[in-house]
Amino acid sequence: MKLQGTSLNAKMNKNADDILQHIEDLGNGHLGYSMETPMHSEAFKLSDEEKITAIADKFADIMEILGLDLNDDSLKGTPHRVAKMYVKEVFQGLNPKNKPEAKLFENKYRYNQMLVEKDITLHSYCEHHFVPILGKAHVAYISNGKVVGLSKINRIVRYYAKRPQVQERLTEQIAAELKEMLGTNDVAVYIDATHLCVSTRGVEDTASSTVTTHYSGKFESEQMKSEFLQYID
């Protein structure tokens, strides 16, 4: 019986290790399953200021565990700075109150070719390791009777980037928002980004980048794809 118990415990431990390894592999592979950013039902129960206070307390604990002296002049303000950065800056896209309002205009010029907004600066954070994703987004659409101010395209990219992300989801979220906003299915999104979780940890590859794309409507044709890619090259 003792041998059986030992064998059972070993098997259970192995299963637990396999599950943890599977979770780690998902994170290292930058995999995600949902187009919606995973959020729990009480995500907005606390105000921004309450979140900052709570995060600062937790981050101070992390720094203490790492062995850092929070009495040092250089470090004592770090927990609050990090918490404020998370809530007010790098993850502000989690709050729907920060979603940009897009005012549409009639396409009076009857411009019916693709409009391309290229080289949009993209700063996001990997949701698996909470380190930056840095790159460029290129967005195009064909008007269905309405147009939007150019800066709103940049703001939409920025809004969805300002949250913990996987690049595939970010690409699809930008495309979905543009389709709904403009009332057209003719949308293309191309993102080329460097993931610091690849370049500064793990494999530490500083030369590679990741490309994700979304083509829908008229952009699914090879001719339109080719034209779009020529513009952003």
# chains A, B, ... in the order shown; residues from 1 in each chain; ligands from 1
>>> residues_around(residues="Met39 (chain A)", least_positions_apart="4", cutoff="10 Å", atoms="only C-alpha atoms", output="list in words")
Ala43, Phe44 and Leu94 of chain A
>>> write_last_selection(atoms="C-alpha atoms", output="CSV table (one decimal), in the first residue's frame")
chain,number,residue,atom,x,y,z
A,43,ALA,CA,-12.8,44.7,-13.3
A,44,PHE,CA,-14.1,48.2,-12.7
A,94,LEU,CA,-8.5,48.2,-20.4
>>> residues_around(residues="Asp186 (chain A)", least_positions_apart="3", cutoff="7 Å", atoms="only C-alpha atoms", output="ChimeraX atom specification")
/A:141-142,216-219
>>> select_by_dssp(residues="region 24-137 of chain A", states="helix (DSSP H, G or I)", output="PyMOL selection string")
chain A and resi 24-28+48-66+78-90+92-94+96-98
>>> closest_residue(among="A:Lys179, A:Lys108, A:His195, A:Lys84", to="Val139 (chain A)", atoms="only C-alpha atoms")
A:Lys179
>>> atom_distance(atom1="CA of Thr184 (chain A)", atom2="CA of Leu150 (chain A)")
16.4 Å
>>> select_by_dssp(residues="region 75-123 of chain A", states="strand (DSSP E)", output="list in words")
Leu104, Phe105, Glu106, Met114, Leu115, Val116, Glu117, Lys118, Asp119, Ile120, Thr121, Leu122 and His123 of chain A
>>> write_last_selection(atoms="N, CA and C atoms", output="CSV table (one decimal), in the first residue's frame")
chain,number,residue,atom,x,y,z
A,104,LEU,N,-17.6,60.5,-37.7
A,104,LEU,CA,-17.6,60.1,-39.1
A,104,LEU,C,-18.0,61.3,-40.0
A,105,PHE,N,-17.5,61.3,-41.2
A,105,PHE,CA,-17.9,62.4,-42.1
A,105,PHE,C,-18.3,61.8,-43.4
A,106,GLU,N,-19.2,62.5,-44.1
A,106,GLU,CA,-19.6,62.0,-45.5
A,106,GLU,C,-18.4,62.0,-46.4
A,114,MET,N,-8.4,52.7,-51.8
A,114,MET,CA,-8.0,52.4,-50.4
A,114,MET,C,-7.3,53.6,-49.8
A,115,LEU,N,-7.6,53.8,-48.5
A,115,LEU,CA,-6.9,54.8,-47.7
A,115,LEU,C,-6.0,54.1,-46.8
A,116,VAL,N,-4.7,54.5,-46.8
A,116,VAL,CA,-3.7,53.8,-46.0
A,116,VAL,C,-3.1,54.7,-44.9
A,117,GLU,N,-3.1,54.4,-43.7
A,117,GLU,CA,-2.4,55.0,-42.6
A,117,GLU,C,-1.3,54.1,-42.2
A,118,LYS,N,0.0,54.5,-42.5
A,118,LYS,CA,1.1,53.6,-42.3
A,118,LYS,C,2.0,54.1,-41.2
A,119,ASP,N,2.8,53.2,-40.8
A,119,ASP,CA,3.9,53.5,-39.7
A,119,ASP,C,3.3,54.1,-38.5
A,120,ILE,N,2.2,53.6,-38.0
A,120,ILE,CA,1.6,54.0,-36.8
A,120,ILE,C,2.4,53.4,-35.6
A,121,THR,N,3.0,54.3,-34.8
A,121,THR,CA,3.8,53.8,-33.6
A,121,THR,C,2.9,52.9,-32.7
A,122,LEU,N,3.4,51.7,-32.4
A,122,LEU,CA,2.7,50.8,-31.5
A,122,LEU,C,3.5,50.4,-30.3
A,123,HIS,N,3.0,50.7,-29.1
A,123,HIS,CA,3.6,50.3,-27.9
A,123,HIS,C,2.5,49.5,-27.1
>>> closest_residue(among="A:Asp69, A:Asp192, A:Glu222, A:Glu89", to="Lys162 (chain A)", atoms="only C-alpha atoms")
A:Glu89
>>> closest_residue(among="A:Val147, A:Val87, A:Val157, A:Ala140", to="Val187 (chain A)", atoms="only C-alpha atoms")
A:Ala140
>>> closest_residue(among="A:Asp72, A:Lys146, A:Glu49, A:Ala60", to="Lys88 (chain A)", atoms="only C-alpha atoms")
A:Glu49
>>> closest_residue(among="A:His138, A:Phe130, A:Tyr159, A:Leu196", to="Tyr231 (chain A)", atoms="only C-alpha atoms")
A:His138
>>> atom_distance(atom1="CA of Gln113 (chain A)", atom2="CA of Ala161 (chain A)")
27.3 Å
>>> closest_residue(among="A:Lys58, A:His129, A:Lys51, A:Lys99", to="Gly202 (chain A)", atoms="only C-alpha atoms")
A:His129
>>> residues_around(residues="Ile133 (chain A)", least_positions_apart="4", cutoff="10 Å", atoms="only C-alpha atoms", output="list of chain:residue names")
A:Leu122, A:His123, A:Ser124, A:Tyr125, A:Cys126, A:Glu127, A:Ala161, A:Pro164, A:Gln165, A:Val166, A:Gln167, A:Asp192, A:Ala193, A:Thr194, A:His195, A:Leu196, A:Cys197, A:Val198, A:Ser209, A:Thr210
>>> write_last_selection(atoms="N, CA and C atoms", output="PDB file, in the first residue's frame")
ATOM      1  N   LEU A 122       3.436  51.744 -32.369  1.00  0.00           N
ATOM      2  CA  LEU A 122       2.707  50.798 -31.536  1.00  0.00           C
ATOM      3  C   LEU A 122       3.529  50.432 -30.308  1.00  0.00           C
ATOM      4  N   HIS A 123       2.985  50.730 -29.127  1.00  0.00           N
ATOM      5  CA  HIS A 123       3.581  50.315 -27.860  1.00  0.00           C
ATOM      6  C   HIS A 123       2.541  49.491 -27.115  1.00  0.00           C
ATOM      7  N   SER A 124       2.857  48.238 -26.850  1.00  0.00           N
ATOM      8  CA  SER A 124       1.942  47.401 -26.088  1.00  0.00           C
ATOM      9  C   SER A 124       2.753  46.582 -25.094  1.00  0.00           C
ATOM     10  N   TYR A 125       2.063  45.676 -24.387  1.00  0.00           N
ATOM     11  CA  TYR A 125       2.731  44.821 -23.403  1.00  0.00           C
ATOM     12  C   TYR A 125       2.276  43.378 -23.591  1.00  0.00           C
ATOM     13  N   CYS A 126       3.236  42.470 -23.594  1.00  0.00           N
ATOM     14  CA  CYS A 126       2.937  41.039 -23.690  1.00  0.00           C
ATOM     15  C   CYS A 126       2.194  40.587 -22.436  1.00  0.00           C
ATOM     16  N   GLU A 127       1.052  39.934 -22.609  1.00  0.00           N
ATOM     17  CA  GLU A 127       0.261  39.531 -21.449  1.00  0.00           C
ATOM     18  C   GLU A 127       0.847  38.312 -20.732  1.00  0.00           C
ATOM     19  N   ALA A 161      -3.798  48.775 -28.080  1.00  0.00           N
ATOM     20  CA  ALA A 161      -2.437  48.392 -27.710  1.00  0.00           C
ATOM     21  C   ALA A 161      -2.169  48.621 -26.233  1.00  0.00           C
ATOM     22  N   PRO A 164      -2.564  44.551 -21.698  1.00  0.00           N
ATOM     23  CA  PRO A 164      -1.805  43.315 -21.905  1.00  0.00           C
ATOM     24  C   PRO A 164      -2.343  42.605 -23.149  1.00  0.00           C
ATOM     25  N   GLN A 165      -1.448  42.205 -24.054  1.00  0.00           N
ATOM     26  CA  GLN A 165      -1.905  41.727 -25.345  1.00  0.00           C
ATOM     27  C   GLN A 165      -1.123  40.513 -25.831  1.00  0.00           C
ATOM     28  N   VAL A 166      -1.726  39.825 -26.808  1.00  0.00           N
ATOM     29  CA  VAL A 166      -1.003  38.991 -27.754  1.00  0.00           C
ATOM     30  C   VAL A 166      -1.208  39.661 -29.104  1.00  0.00           C
ATOM     31  N   GLN A 167      -0.221  39.594 -29.952  1.00  0.00           N
ATOM     32  CA  GLN A 167      -0.259  40.384 -31.186  1.00  0.00           C
ATOM     33  C   GLN A 167      -1.395  39.962 -32.106  1.00  0.00           C
ATOM     34  N   ASP A 192       3.898  44.796 -37.493  1.00  0.00           N
ATOM     35  CA  ASP A 192       5.248  44.246 -37.429  1.00  0.00           C
ATOM     36  C   ASP A 192       5.858  44.736 -36.117  1.00  0.00           C
ATOM     37  N   ALA A 193       6.136  43.828 -35.194  1.00  0.00           N
ATOM     38  CA  ALA A 193       6.548  44.246 -33.856  1.00  0.00           C
ATOM     39  C   ALA A 193       7.640  43.354 -33.280  1.00  0.00           C
ATOM     40  N   THR A 194       8.419  43.941 -32.396  1.00  0.00           N
ATOM     41  CA  THR A 194       9.440  43.231 -31.637  1.00  0.00           C
ATOM     42  C   THR A 194       8.924  42.982 -30.233  1.00  0.00           C
ATOM     43  N   HIS A 195       9.052  41.758 -29.760  1.00  0.00           N
ATOM     44  CA  HIS A 195       8.586  41.372 -28.433  1.00  0.00           C
ATOM     45  C   HIS A 195       9.782  41.269 -27.499  1.00  0.00           C
ATOM     46  N   LEU A 196       9.794  42.093 -26.468  1.00  0.00           N
ATOM     47  CA  LEU A 196      10.933  42.069 -25.557  1.00  0.00           C
ATOM     48  C   LEU A 196      11.000  40.790 -24.733  1.00  0.00           C
ATOM     49  N   CYS A 197       9.882  40.041 -24.673  1.00  0.00           N
ATOM     50  CA  CYS A 197       9.944  38.740 -24.002  1.00  0.00           C
ATOM     51  C   CYS A 197      10.725  37.732 -24.843  1.00  0.00           C
ATOM     52  N   VAL A 198      10.947  38.063 -26.122  1.00  0.00           N
ATOM     53  CA  VAL A 198      11.796  37.238 -26.981  1.00  0.00           C
ATOM     54  C   VAL A 198      13.226  37.779 -26.988  1.00  0.00           C
ATOM     55  N   SER A 209      11.436  39.784 -35.604  1.00  0.00           N
ATOM     56  CA  SER A 209      10.205  40.513 -35.315  1.00  0.00           C
ATOM     57  C   SER A 209       9.035  39.626 -35.713  1.00  0.00           C
ATOM     58  N   THR A 210       7.842  40.007 -35.281  1.00  0.00           N
ATOM     59  CA  THR A 210       6.642  39.213 -35.532  1.00  0.00           C
ATOM     60  C   THR A 210       5.678  40.019 -36.405  1.00  0.00           C
TER      61      THR A 210
END
